[in-house]
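**Q** Below you will find the structure I want to go over with you.
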Amino acid sequence: MSVTQFADPEFRAIGVETLGMTKVFASLTALDDVSIRVTPGSFHALLGENGAGKSTLVKCMMGFYQPTSGTMLVDDSEVEIPNPRAAHACGIGMVYQHFTLVPSLTAAENLVIARADTPAVIDWKSERRALNAFLETTPFKVPLDVQVSSLSAGEKQKLEILKQLYLDQRFLILDEPTSVLTPDEADEVLGLLRGMTEAGELTILMITHKFREVTAYADDVTVLRRGRVVDSGRVQDLSVEEMSRMMIGETEIRESAARVDQPEKALKLELAGLFADDDSELPAIEAISLKIHAGEILGIAGVSGNGQSELIEVLSGQRQPTDGRIFVDKQPYEPERDQMDRFKVFGFSEEPLKNVAVPNMSVAENMAFRTFDKAPISPFKGWLSPPPMRKRARELIAAYRVKTPSTEEPIENLSGGNVQRAILARELSHEVDILIVANPCFGLDFASVAEIRAQIMDQRNKGAAILLVSEDLDEILELADTVAVMSEGRVTYQSPMTETDRATIGHAMAGHH
Amino acid sequence: MSGDAGLMTVLLAMFAGAIRVSTPFLFVSLGEMLTEKSGRINLGLEGTLVFGAMSGYAISYHTGLPWLGVLVAGICGSGFGALHGYLCKLPKVNDIAIGIALMLFGTGLAFFFGKAYIQPSAPRLPSISFGTWSEHPGVRQALEINPLFLLGIALAVFLWWALKNTRYGLTIRTTGDSAPAALALGINVDKVRLLSTMAGGFFAGIGGSFLSLYYPGSWTEGLSSGQGLMAVALVIFARWNPIACFWAALLFGAAGALGPALQSIGISRGYHFFNAAPYILTLLIMIASSSPRRSLKGAPGELSITK
């Protein structure tokens with residue numbers, strides 16, 4: 001600790017260091033001799049791919065896991081962290097990627113219950129006074145008396161951070177804190193946190209894979225790959241190319257397929273004034289009208305929870321629209337199995353095990369979902385013949401490089417990237433006229449992401465009309481020919497990609513508040 | 001008998017009947033509400049109710065102390081609650097299946113131990129007279145209020161207050177709404193659910209003792225007419241709000257009192273139909289309050305029926 005910290009009573013940030021942190025799960029070394037040093041009052045970014053060990057490292061720091069070996073220092077003295085409570089006691093708090101707020105409780109109730117010393121009977125008058133006094137000391141403003149379920153994602157994220165500050169945690173670990181925020185909200189939250197680190201009130205360790213956030217807000221960066229520290233240093237000394245090479249390593253990334261100009265632009269899919277309600281019978285999407293032409297990727301950008309999932313459900317027949325029509329080739333279209341087959345409509349989405357696969361059915365069975373009722377798998381009506389199904393599955397597994405022990409393996413035993421490849425094989429191995437895709441790369445590693453994006457581009461170049469819903473703005477910017485923004489259930493902005501930019505789309509995502 | 005007097009009699013009988021019939025509904029629904037607030041459904045409360053009726057009656061018969069019977073019925077109920085809470089903690093155990101098993105278990109056990117108490121008569125709970133000011137015998141009779149009903153109202157108000165204003169209340173609501181959030185706060189989810197289910201069982205046991213110790217006031221095997229199961233519908237109807245549970249119980253009580261009240265002025269046509277009123281009401285409420293297009297509003301997020 002430096003002398004200035006003792007001199008300045010406002011300087012309350014703490015520093016944390018790990019030494020030779022190693023964590024071995026059965027056959028997998030998730031962390032291999034990881035030493036990082038986060039100095040007090042700094043904003044430290046932890047970069048790495050999915051599966052690089054970032055989460056394992058912070059879970060060891062928080063006491064969720066016990067490291068196989070290695071030690072942890074808080075303000076230069078060694079500490080034992082057997083459980084999250086011990087981490088809290090050291091002043092280390094974590095903001096998770098998924099919210100840990102209780103939806104039916106108000107913001108004030110969420111803060112008070114989070115405290116370790118909540119009194120048996122709560123005197124709301126004095127608690128309210130204390131909460132207001134506490135809010136005065138932070139730059140974050142959140143309405144206290146509103147149920148958390150009706151707060152916006154940005155407000156929830158601020159409340160998560162407020163909760164840690166309220167508990168007087170002076171070392172915050174943030175796990176991809178901006179994944180659910182609009183670019184403007186993200187800039188606001190990170191800017192405020194940055195201000196607090198500069199004032200010496202807080203130290204931040206942020207897990208991220210967004211280079212923009214690293215270069216704009218972080219002082220230092222540590223890059224992890226396959227459980228090892230590749231490099232660690234000042235952000236200003238590193239370029240984005242260097243960081244990205246460190247993250248990916250020698251893995252071969254498939255080149256993105258080039259965009260081929262499509263001469264004829266026939267109208268393929270038209271949504272005309274679609275309305276639908278959400279699960280509480282409130283309007284989820286309103287007056288969605290979109291036109292998608294053959295050989296065009298229409299990207300729908302937006303922060304999650306603005307009606308995208310309801311739109312996808314309507315298009316895939318999982319939700320009944322309250323009004324509006326869908327047309328394919330100018331003919332009315334109902335998302336039913338026979339019509340999907342006739343119009344060649346296919347699609348896939350994030351978390352395939354939850355959305356488009358049956359986890360405990362075999363890879364072969366999952367791959368046959370589109371074809372099991374047709375020859376050769378079903379030679380007679382209602383009759384299923386396994387050998388052709390397995391044969392077809394073997395072909396697809398080879399063509400799409402799905403890593404699976406056999407065709408009979410339950411699909412849930414495959415890794416995330418391989419499940420998505422298996423689904424891709426099922427959906428793309430036919431002639432595709434219309435493709436409906438939602439967050440296809442969510443949670444996958446770089447190689448799979450590049451592969452999937454290249455496949456989508458291939459389909460576009462072959463003349464498919466593609467609707468791509470994505471919460472990842474970079475994905476839209478890379479793939480889409482036309483971009484539309486959804487905010488509060490409506491399409492609030494639409495433009496050809498050539499006539500817009502990140503900032504304009506970002507502002508549209510924030511809505512017109 | 002003039003029409004006015006007849007109507008008066010029916011209304012008084014329904015008022016008195018509503019209070020009488022609603023009391024077990026009130027206790028069972030408050031118990032079920034508390035259990036569901038913590039994130040589990042206990043369908044076994046029907047069995048708890050019947051066992052509470054038997055054990056309360058037996059204790060009252062042996063000791064001559066009906067209030068001790070009420071207490072023991074509650075404790076037996078907690079025992080069933082503890083069993084439910086413990087079994088549901090085990091991996092891959094479904095709370096609804098366990099609830100159905102415990103419903104049959106509780107009823108069967110009550111019949112097994114209760115054979116000896118079908119004949120003898122045990123001291124019953126006293127009632128409190130609020131009608132001494134009135135000349136009218138009908139009003140006087142209608143204002144003979146059972147103390148458990150008053151206790152139930154106090155309990156409903158207390159639970160309503162406690163869920164908002166105590167650490168235990170917030171902890172139960174947190175656990176019922178989001179187990180991951182509760183774990184992140186260091187709450188022992190299984191323990192909270194175990195204790196909530198035990199408390200719920202306690203209330204249901206008391207509700208059962210009312211049946212055997214006040215109205216109808218004796219132990220028979222046909223004592224319960226599904227109050228324990230209807231309470232589940234009632235809790236949904238009341239949207240997990242203790243005060244609303246009280247009004248819903250009163251409504252079910254009034255529906256249950258309709259048949260006897262009409263019979264008291266000599267209308268016996270459709271007697272069985274009117275007796276079926278609570279069941280029809282349950283059915284109508286379940287139809288009216290559910291929809292394929294929306295999830296239940298206000299339901300605790302962890303309940304297996306809403307997930």
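Ordering of the structure tokens sets the chain letters (A, B, ...); residue numbers start at 1 within each chain; ligands are numbered from 1 in the order shown.
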Return as a Markdown table the residues of chain A lying at most 8 Å from chain B, together with the closest atom-to-atom pair for each and the distance in Å to one decimal, counting only C-alpha atoms, with rows in chain order and ascending residue number.

**A**
| residue | atom | partner | partner_atom | distance |
| --- | --- | --- | --- | --- |
| A:Arg85 | CA | B:Gly186 | CA | 7.4 |
| A:Phe99 | CA | B:Ala181 | CA | 7.9 |
| A:Thr100 | CA | B:Ala181 | CA | 4.5 |
| A:Leu101 | CA | B:Ala181 | CA | 5.9 |
| A:Val102 | CA | B:Thr174 | CA | 5.9 |
| A:Pro103 | CA | B:Asp177 | CA | 7.0 |
| A:Ser104 | CA | B:Asp177 | CA | 6.8 |
| A:Leu105 | CA | B:Thr174 | CA | 7.6 |
| A:Glu109 | CA | B:Leu170 | CA | 7.4 |
| A:Ile113 | CA | B:Leu170 | CA | 6.6 |
| A:Ala114 | CA | B:Leu185 | CA | 6.0 |
| A:Thr118 | CA | B:Arg167 | CA | 6.2 |
| A:Pro119 | CA | B:Arg167 | CA | 6.3 |
| A:Ala120 | CA | B:Arg167 | CA | 4.9 |
| A:Val121 | CA | B:Thr166 | CA | 4.3 |
| A:Ile122 | CA | B:Asn165 | CA | 5.2 |
| A:Asp123 | CA | B:Asn165 | CA | 7.4 |
| A:Trp124 | CA | B:Asn165 | CA | 7.6 |
| A:Asp277 | CA | B:Arg293 | CA | 7.9 |
| A:Asp278 | CA | B:Arg294 | CA | 6.9 |
| A:Asp279 | CA | B:Arg294 | CA | 3.9 |
| A:Ser280 | CA | B:Arg294 | CA | 4.7 |
| A:Glu281 | CA | B:Arg294 | CA | 5.5 |

**Q** Which polymer residues have any atom within 6 Å of an atom of stretch 49-62 of chain B, counting only C-alpha atoms, with same-chain residues fewer than 5 positions away left out, as an MDAnalysis selection string?

**A** chainID B and resid 69:70 73 106:107 110 114 122 204:205 208:209 212

**Q** When you look at B:Ser218 with a cut-off of 10 Å (counting only C-alpha atoms), what residues show up, excluding the ones that are within fewer than 3 positions of it in the same chain? I need them as a ChimeraX atom specification.

**A** /B:53-54,57,117-124,209-215,221,223

**Q** Between B:Leu284, B:Ala276, B:Leu26, B:Met230, which one has atoms that come closest to B:Leu258, using only C-alpha atoms?

**A**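 Between B:Leu284, B:Ala276, B:Leu26, B:Met230, the residue approaching B:Leu258 most closely is B:Ala276.
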
**Q** Just the number, please: distance in Å from atom CA of B:Pro216 to atom CA of B:Leu45, one decimal.

**A** 19.3 Å

**Q** Identify, on the basis of only C-alpha atoms, every residue whose closest approach to A:Gly347 does not exceed 6 Å; exclude the query and any residue fewer than 5 positions from it along the same chain; express the result as a PyMOL selection string.

**A** chain A and resi 435-437

**Q** Just the selected residues (C-alpha atoms), exported as a short mmCIF file (atom, residue, chain, number, x, y, z; two decimals), in the first residue's frame, please.

**A**
data_model
loop_
_atom_site.label_atom_id
_atom_site.label_comp_id
_atom_site.auth_asym_id
_atom_site.auth_seq_id
_atom_site.Cartn_x
_atom_site.Cartn_y
_atom_site.Cartn_z
CA LEU A 435 -34.13 -18.64 -42.29
CA ILE A 436 -35.17 -17.28 -38.90
CA VAL A 437 -32.25 -16.99 -36.53
#

**Q** Within 7 Å of stretch 244-252 of chain B, counting only C-alpha atoms, which residues qualify if same-chain residues fewer than 6 places away don't, as JSON, numbers by chain?

**A** {"B": [18, 19, 22, 25, 26, 29, 30, 156, 234, 235, 238, 278]}

**Q** Next, write the just-selected residues to a file, as a PDB file, in the first residue's frame, keeping N, CA and C atoms as the atom set.

**A**
ATOM      1  N   ALA B  18     -71.375 -19.065   6.842  1.00  0.00           N
ATOM      2  CA  ALA B  18     -70.154 -18.636   6.166  1.00  0.00           C
ATOM      3  C   ALA B  18     -68.993 -18.599   7.153  1.00  0.00           C
ATOM      4  N   ILE B  19     -69.267 -18.063   8.349  1.00  0.00           N
ATOM      5  CA  ILE B  19     -68.203 -17.989   9.356  1.00  0.00           C
ATOM      6  C   ILE B  19     -67.768 -19.392   9.771  1.00  0.00           C
ATOM      7  N   SER B  22     -66.168 -21.275   6.759  1.00  0.00           N
ATOM      8  CA  SER B  22     -64.947 -20.672   6.220  1.00  0.00           C
ATOM      9  C   SER B  22     -63.737 -20.890   7.112  1.00  0.00           C
ATOM     10  N   PHE B  25     -61.283 -23.445   5.905  1.00  0.00           N
ATOM     11  CA  PHE B  25     -60.729 -22.919   4.649  1.00  0.00           C
ATOM     12  C   PHE B  25     -59.668 -21.872   4.942  1.00  0.00           C
ATOM     13  N   LEU B  26     -59.989 -20.989   5.898  1.00  0.00           N
ATOM     14  CA  LEU B  26     -59.086 -19.886   6.217  1.00  0.00           C
ATOM     15  C   LEU B  26     -57.741 -20.420   6.693  1.00  0.00           C
ATOM     16  N   SER B  29     -55.913 -22.395   3.922  1.00  0.00           N
ATOM     17  CA  SER B  29     -55.411 -21.552   2.832  1.00  0.00           C
ATOM     18  C   SER B  29     -54.259 -20.675   3.306  1.00  0.00           C
ATOM     19  N   LEU B  30     -54.309 -20.214   4.548  1.00  0.00           N
ATOM     20  CA  LEU B  30     -53.167 -19.434   5.049  1.00  0.00           C
ATOM     21  C   LEU B  30     -51.920 -20.308   5.109  1.00  0.00           C
ATOM     22  N   ALA B 156     -54.333 -13.918   9.654  1.00  0.00           N
ATOM     23  CA  ALA B 156     -54.256 -13.383   8.293  1.00  0.00           C
ATOM     24  C   ALA B 156     -53.615 -11.994   8.309  1.00  0.00           C
ATOM     25  N   LEU B 234     -58.155 -21.853  -3.691  1.00  0.00           N
ATOM     26  CA  LEU B 234     -58.450 -20.613  -2.995  1.00  0.00           C
ATOM     27  C   LEU B 234     -57.225 -19.693  -2.927  1.00  0.00           C
ATOM     28  N   VAL B 235     -56.060 -20.297  -2.704  1.00  0.00           N
ATOM     29  CA  VAL B 235     -54.842 -19.495  -2.622  1.00  0.00           C
ATOM     30  C   VAL B 235     -54.542 -18.836  -3.971  1.00  0.00           C
ATOM     31  N   ALA B 238     -56.865 -16.061  -4.388  1.00  0.00           N
ATOM     32  CA  ALA B 238     -56.501 -14.941  -3.523  1.00  0.00           C
ATOM     33  C   ALA B 238     -55.161 -14.331  -3.922  1.00  0.00           C
ATOM     34  N   PRO B 278     -69.641 -25.093  -3.356  1.00  0.00           N
ATOM     35  CA  PRO B 278     -68.196 -24.802  -3.234  1.00  0.00           C
ATOM     36  C   PRO B 278     -67.370 -25.448  -4.345  1.00  0.00           C
TER      37      PRO B 278
END

**Q** Do you have the atom CA of B:Leu229-atom CA of B:Gly44 distance handy?

**A**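 Rounded to one decimal, the two atoms are 8.3 Å apart.
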
**Q** Mind checking which residues fall within 9 Å of A:Arg392, counting only C-alpha atoms, ignoring those fewer than 6 positions away in the same chain, and posting them as a PyMOL selection string?

**A** chain A and resi 364+367-368+377

**Q** May I have the residues from that selection written out with N, CA and C atoms, as a PDB file, in the first residue's frame?

**A**
ATOM      1  N   ALA A 364     -28.879 -38.445 -33.461  1.00  0.00           N
ATOM      2  CA  ALA A 364     -29.539 -38.848 -34.705  1.00  0.00           C
ATOM      3  C   ALA A 364     -31.002 -38.434 -34.691  1.00  0.00           C
ATOM      4  N   MET A 367     -31.414 -34.773 -35.101  1.00  0.00           N
ATOM      5  CA  MET A 367     -31.113 -34.336 -36.458  1.00  0.00           C
ATOM      6  C   MET A 367     -32.219 -34.698 -37.424  1.00  0.00           C
ATOM      7  N   ALA A 368     -33.120 -35.578 -37.007  1.00  0.00           N
ATOM      8  CA  ALA A 368     -34.168 -36.047 -37.922  1.00  0.00           C
ATOM      9  C   ALA A 368     -35.492 -35.313 -37.720  1.00  0.00           C
ATOM     10  N   ILE A 377     -36.654 -42.133 -43.951  1.00  0.00           N
ATOM     11  CA  ILE A 377     -36.707 -42.488 -42.534  1.00  0.00           C
ATOM     12  C   ILE A 377     -38.078 -43.074 -42.202  1.00  0.00           C
TER      13      ILE A 377
END

**Q** Can you check which residues of stretch 20-154 of chain B DSSP gives as helix (DSSP H, G or I) on the backbone and send them as number ranges by chain?

**A** B: 20-37, 45-63, 66-89, 95-117, 137-142, 147-154

**Q** Take atom CA of B:Phe105 and atom CA of B:His272 and report the distance between them in Å, one decimal.

**A**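 Straight-line distance from atom CA of B:Phe105 to atom CA of B:His272 works out to 29.3 Å.
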
**Q** So that I can see what lies close to A:Gly154, please list as a PDB file with C-alpha atoms, in the first residue's frame the residues with an atom at most 10 Å from it, counting only C-alpha atoms and leaving out residues fewer than 4 positions away in the same chain.

**A**
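The resulting part03.pdb:
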ATOM      1  CA  VAL A 142     -32.762   4.009  -8.895  1.00  0.00           C
ATOM      2  CA  LYS A 158     -27.404  -0.174 -11.410  1.00  0.00           C
ATOM      3  CA  LEU A 159     -29.340  -1.659  -8.512  1.00  0.00           C
ATOM      4  CA  GLU A 160     -27.069  -4.726  -8.531  1.00  0.00           C
ATOM      5  CA  PRO A 177     -21.984  -6.278 -16.841  1.00  0.00           C
ATOM      6  CA  THR A 178     -23.094  -4.711 -20.104  1.00  0.00           C
ATOM      7  CA  VAL A 180     -28.054  -6.719 -21.245  1.00  0.00           C
ATOM      8  CA  LEU A 181     -27.585  -2.960 -21.602  1.00  0.00           C
ATOM      9  CA  THR A 182     -27.908  -0.613 -24.554  1.00  0.00           C
ATOM     10  CA  ASP A 184     -25.675   4.229 -24.011  1.00  0.00           C
ATOM     11  CA  GLU A 185     -26.632   2.541 -20.731  1.00  0.00           C
ATOM     12  CA  ALA A 186     -23.364   0.617 -20.775  1.00  0.00           C
ATOM     13  CA  GLU A 188     -23.269   5.466 -18.399  1.00  0.00           C
ATOM     14  CA  VAL A 189     -22.751   2.618 -15.931  1.00  0.00           C
TER      15      VAL A 189
END
